[in-house]
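Enquirer: To be precise about what I am sending: the file is called query_28.txt and holds compact mmCIF, C-alpha atoms.
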# COMPACT_ATOMS: atom_id res chain seq x y z
CA MET A 1 -19.06 -162.58 -49.71
CA HIS A 2 -22.31 -163.89 -48.25
CA ILE A 3 -25.00 -162.74 -50.68
CA GLY A 4 -27.87 -163.38 -48.27
CA ASN A 5 -26.35 -161.06 -45.68
CA CYS A 6 -25.80 -158.40 -48.34
CA ILE A 7 -29.42 -158.63 -49.50
CA ARG A 8 -30.71 -158.39 -45.91
CA GLU A 9 -28.53 -155.32 -45.26
CA LYS A 10 -29.75 -153.54 -48.40
CA LEU A 11 -33.37 -154.35 -47.58
CA MET A 12 -32.97 -152.95 -44.07
CA GLU A 13 -31.28 -149.82 -45.48
CA SER A 14 -34.21 -149.35 -47.85
CA GLY A 15 -36.64 -149.13 -44.94
CA HIS A 16 -39.01 -151.65 -46.52
CA SER A 17 -40.39 -154.67 -44.71
CA VAL A 18 -39.72 -158.32 -45.43
CA THR A 19 -43.41 -158.66 -46.37
CA TRP A 20 -43.10 -155.86 -48.94
CA PHE A 21 -39.93 -157.41 -50.35
CA ALA A 22 -41.50 -160.87 -50.57
CA SER A 23 -44.45 -159.52 -52.53
CA LYS A 24 -42.14 -157.66 -54.93
CA ILE A 25 -40.04 -160.74 -55.73
CA CYS A 26 -43.12 -163.01 -55.83
CA CYS A 27 -42.35 -165.30 -52.91
CA THR A 28 -43.28 -165.82 -49.28
CA ARG A 29 -41.79 -164.19 -46.19
CA THR A 30 -40.43 -167.60 -45.23
CA HIS A 31 -38.59 -167.83 -48.53
CA VAL A 32 -37.09 -164.36 -48.01
CA TYR A 33 -35.66 -165.47 -44.66
CA LYS A 34 -34.19 -168.53 -46.43
CA ILE A 35 -32.62 -166.21 -49.04
CA PHE A 36 -30.97 -164.26 -46.19
CA GLN A 37 -29.28 -167.51 -45.07
CA LYS A 38 -27.87 -168.37 -48.51
CA SER A 39 -24.24 -167.85 -49.39
CA ASN A 40 -25.11 -168.26 -53.08
CA ILE A 41 -28.20 -167.56 -55.17
CA ASP A 42 -29.73 -168.21 -58.57
CA THR A 43 -28.85 -165.41 -60.99
CA GLU A 44 -32.44 -164.95 -62.20
CA LEU A 45 -33.64 -164.43 -58.64
CA LEU A 46 -30.71 -162.12 -57.93
CA GLU A 47 -31.61 -160.04 -60.98
CA ARG A 48 -35.18 -159.60 -59.66
CA ILE A 49 -33.80 -158.64 -56.26
CA CYS A 50 -31.44 -156.10 -57.86
CA ARG A 51 -34.35 -154.46 -59.66
CA VAL A 52 -36.59 -154.36 -56.58
CA LEU A 53 -33.90 -152.97 -54.27
CA ASP A 54 -32.41 -150.78 -57.01
CA TYR A 55 -28.94 -152.10 -56.23
CA ASN A 56 -26.46 -154.02 -58.40
CA PHE A 57 -25.29 -157.01 -56.38
CA PHE A 58 -23.59 -158.37 -59.49
CA GLU A 59 -21.14 -155.47 -59.31
CA ASP A 60 -20.36 -156.33 -55.69
CA ILE A 61 -19.75 -159.94 -56.67
CA SER A 62 -17.46 -158.84 -59.49
CA ASN A 63 -15.53 -156.51 -57.20
CA ASN A 64 -15.16 -159.34 -54.69
CA LEU A 65 -13.62 -161.51 -57.42
CA ASP A 66 -11.09 -158.79 -58.20
CA LYS A 67 -10.00 -158.70 -54.55
CA LYS A 68 -9.21 -162.42 -54.51
CA ASP A 69 -6.72 -162.26 -57.38
Show this structure as structure tokens.

Expert:
Amino acid sequence: MHIGNCIREKLMESGHSVTWFASKICCTRTHVYKIFQKSNIDTELLERICRVLDYNFFEDISNNLDKKD
């Protein structure tokens, strides 16, 4: 699971812009594009992202773990 790709997909589905998203998670547009490239992410940042996008990425991560067993 590539978390950056998942975040980008959910943002695009939401219809919001990268600029809007960056302001909501208190970072720059450049940083958002770097987040999209990451295969892993700090849990505190991911929690903020979950709240802003109203989506539980932690559940996806957990489900992905279950599939690997």

Enquirer: Quick one, how far is atom CA of A:Phe57 from atom CA of A:Ile3?

Expert: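 Result for atom CA of A:Phe57 versus atom CA of A:Ile3: 8.1 Å, one decimal.
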
Enquirer: If you measure from atom CA of A:Val18 to atom CA of A:Leu65, what distance in Å do you get, rounded to one decimal?

Expert: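 Between these atoms lies a distance of 28.9 Å.
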
Enquirer: Find the residues near A:Phe36: any atom within 6 Å, counting only C-alpha atoms, skip ones fewer than 4 places away on the same chain, and give them as a VMD selection string.

Expert: chain A and resid 4 to 5 8

Enquirer: Rounded to one decimal in Å, what is the spacing between atom CA of A:Leu11 and atom CA of A:Arg51?

Expert: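 Interatomic distance here is 12.1 Å.
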
Enquirer: With all atoms of stretch 26-41 of chain A from the file as input, state the centre and edge lengths in Å to one decimal of the axis-aligned box that has 4 Å extra on each side, as AutoDock Vina command-line options.

Expert:
--center_x -33.8 --center_y -165.8 --center_z -50.2 --size_x 27.0 --size_y 13.5 --size_z 19.2

Enquirer: Please provide as a PyMOL selection string all residues within 12 Å of A:Asp60, with the sequence filter that same-chain residues fewer than 2 positions apart are discarded (counting only C-alpha atoms).

Expert: chain A and resi 1-3+6-7+50+55-58+62-67

Enquirer: Could you rebuild stretch 14-28 of chain A with N, CA and C atoms and give it back as a PDB file, keeping the file's coordinate frame?

Expert:
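Wrote part06.pdb, looks like this:
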ATOM      1  N   SER A  14     -33.136-149.924 -47.030  1.00  0.00           N
ATOM      2  CA  SER A  14     -34.210-149.350 -47.850  1.00  0.00           C
ATOM      3  C   SER A  14     -35.401-148.910 -47.007  1.00  0.00           C
ATOM      4  N   GLY A  15     -35.522-149.469 -45.815  1.00  0.00           N
ATOM      5  CA  GLY A  15     -36.640-149.130 -44.940  1.00  0.00           C
ATOM      6  C   GLY A  15     -37.904-149.919 -45.228  1.00  0.00           C
ATOM      7  N   HIS A  16     -37.847-150.821 -46.190  1.00  0.00           N
ATOM      8  CA  HIS A  16     -39.010-151.650 -46.520  1.00  0.00           C
ATOM      9  C   HIS A  16     -39.043-152.898 -45.642  1.00  0.00           C
ATOM     10  N   SER A  17     -40.213-153.468 -45.526  1.00  0.00           N
ATOM     11  CA  SER A  17     -40.390-154.670 -44.710  1.00  0.00           C
ATOM     12  C   SER A  17     -40.099-155.933 -45.513  1.00  0.00           C
ATOM     13  N   VAL A  18     -39.905-157.013 -44.792  1.00  0.00           N
ATOM     14  CA  VAL A  18     -39.720-158.320 -45.430  1.00  0.00           C
ATOM     15  C   VAL A  18     -40.979-158.689 -46.205  1.00  0.00           C
ATOM     16  N   THR A  19     -42.139-158.363 -45.678  1.00  0.00           N
ATOM     17  CA  THR A  19     -43.410-158.660 -46.370  1.00  0.00           C
ATOM     18  C   THR A  19     -43.485-157.922 -47.696  1.00  0.00           C
ATOM     19  N   TRP A  20     -43.121-156.651 -47.699  1.00  0.00           N
ATOM     20  CA  TRP A  20     -43.100-155.860 -48.940  1.00  0.00           C
ATOM     21  C   TRP A  20     -42.153-156.497 -49.944  1.00  0.00           C
ATOM     22  N   PHE A  21     -40.950-156.822 -49.487  1.00  0.00           N
ATOM     23  CA  PHE A  21     -39.930-157.410 -50.350  1.00  0.00           C
ATOM     24  C   PHE A  21     -40.410-158.734 -50.934  1.00  0.00           C
ATOM     25  N   ALA A  22     -40.992-159.573 -50.100  1.00  0.00           N
ATOM     26  CA  ALA A  22     -41.500-160.870 -50.570  1.00  0.00           C
ATOM     27  C   ALA A  22     -42.530-160.692 -51.671  1.00  0.00           C
ATOM     28  N   SER A  23     -43.419-159.738 -51.504  1.00  0.00           N
ATOM     29  CA  SER A  23     -44.450-159.520 -52.530  1.00  0.00           C
ATOM     30  C   SER A  23     -43.828-159.019 -53.827  1.00  0.00           C
ATOM     31  N   LYS A  24     -42.783-158.210 -53.731  1.00  0.00           N
ATOM     32  CA  LYS A  24     -42.140-157.660 -54.930  1.00  0.00           C
ATOM     33  C   LYS A  24     -41.351-158.705 -55.710  1.00  0.00           C
ATOM     34  N   ILE A  25     -40.792-159.704 -55.016  1.00  0.00           N
ATOM     35  CA  ILE A  25     -40.040-160.740 -55.730  1.00  0.00           C
ATOM     36  C   ILE A  25     -40.861-162.025 -55.900  1.00  0.00           C
ATOM     37  N   CYS A  26     -42.153-161.915 -55.605  1.00  0.00           N
ATOM     38  CA  CYS A  26     -43.120-163.010 -55.830  1.00  0.00           C
ATOM     39  C   CYS A  26     -42.759-164.284 -55.052  1.00  0.00           C
ATOM     40  N   CYS A  27     -42.572-164.127 -53.755  1.00  0.00           N
ATOM     41  CA  CYS A  27     -42.350-165.300 -52.910  1.00  0.00           C
ATOM     42  C   CYS A  27     -42.929-165.024 -51.532  1.00  0.00           C
ATOM     43  N   THR A  28     -42.749-165.953 -50.635  1.00  0.00           N
ATOM     44  CA  THR A  28     -43.280-165.820 -49.280  1.00  0.00           C
ATOM     45  C   THR A  28     -42.243-165.189 -48.348  1.00  0.00           C
TER      46      THR A  28
END
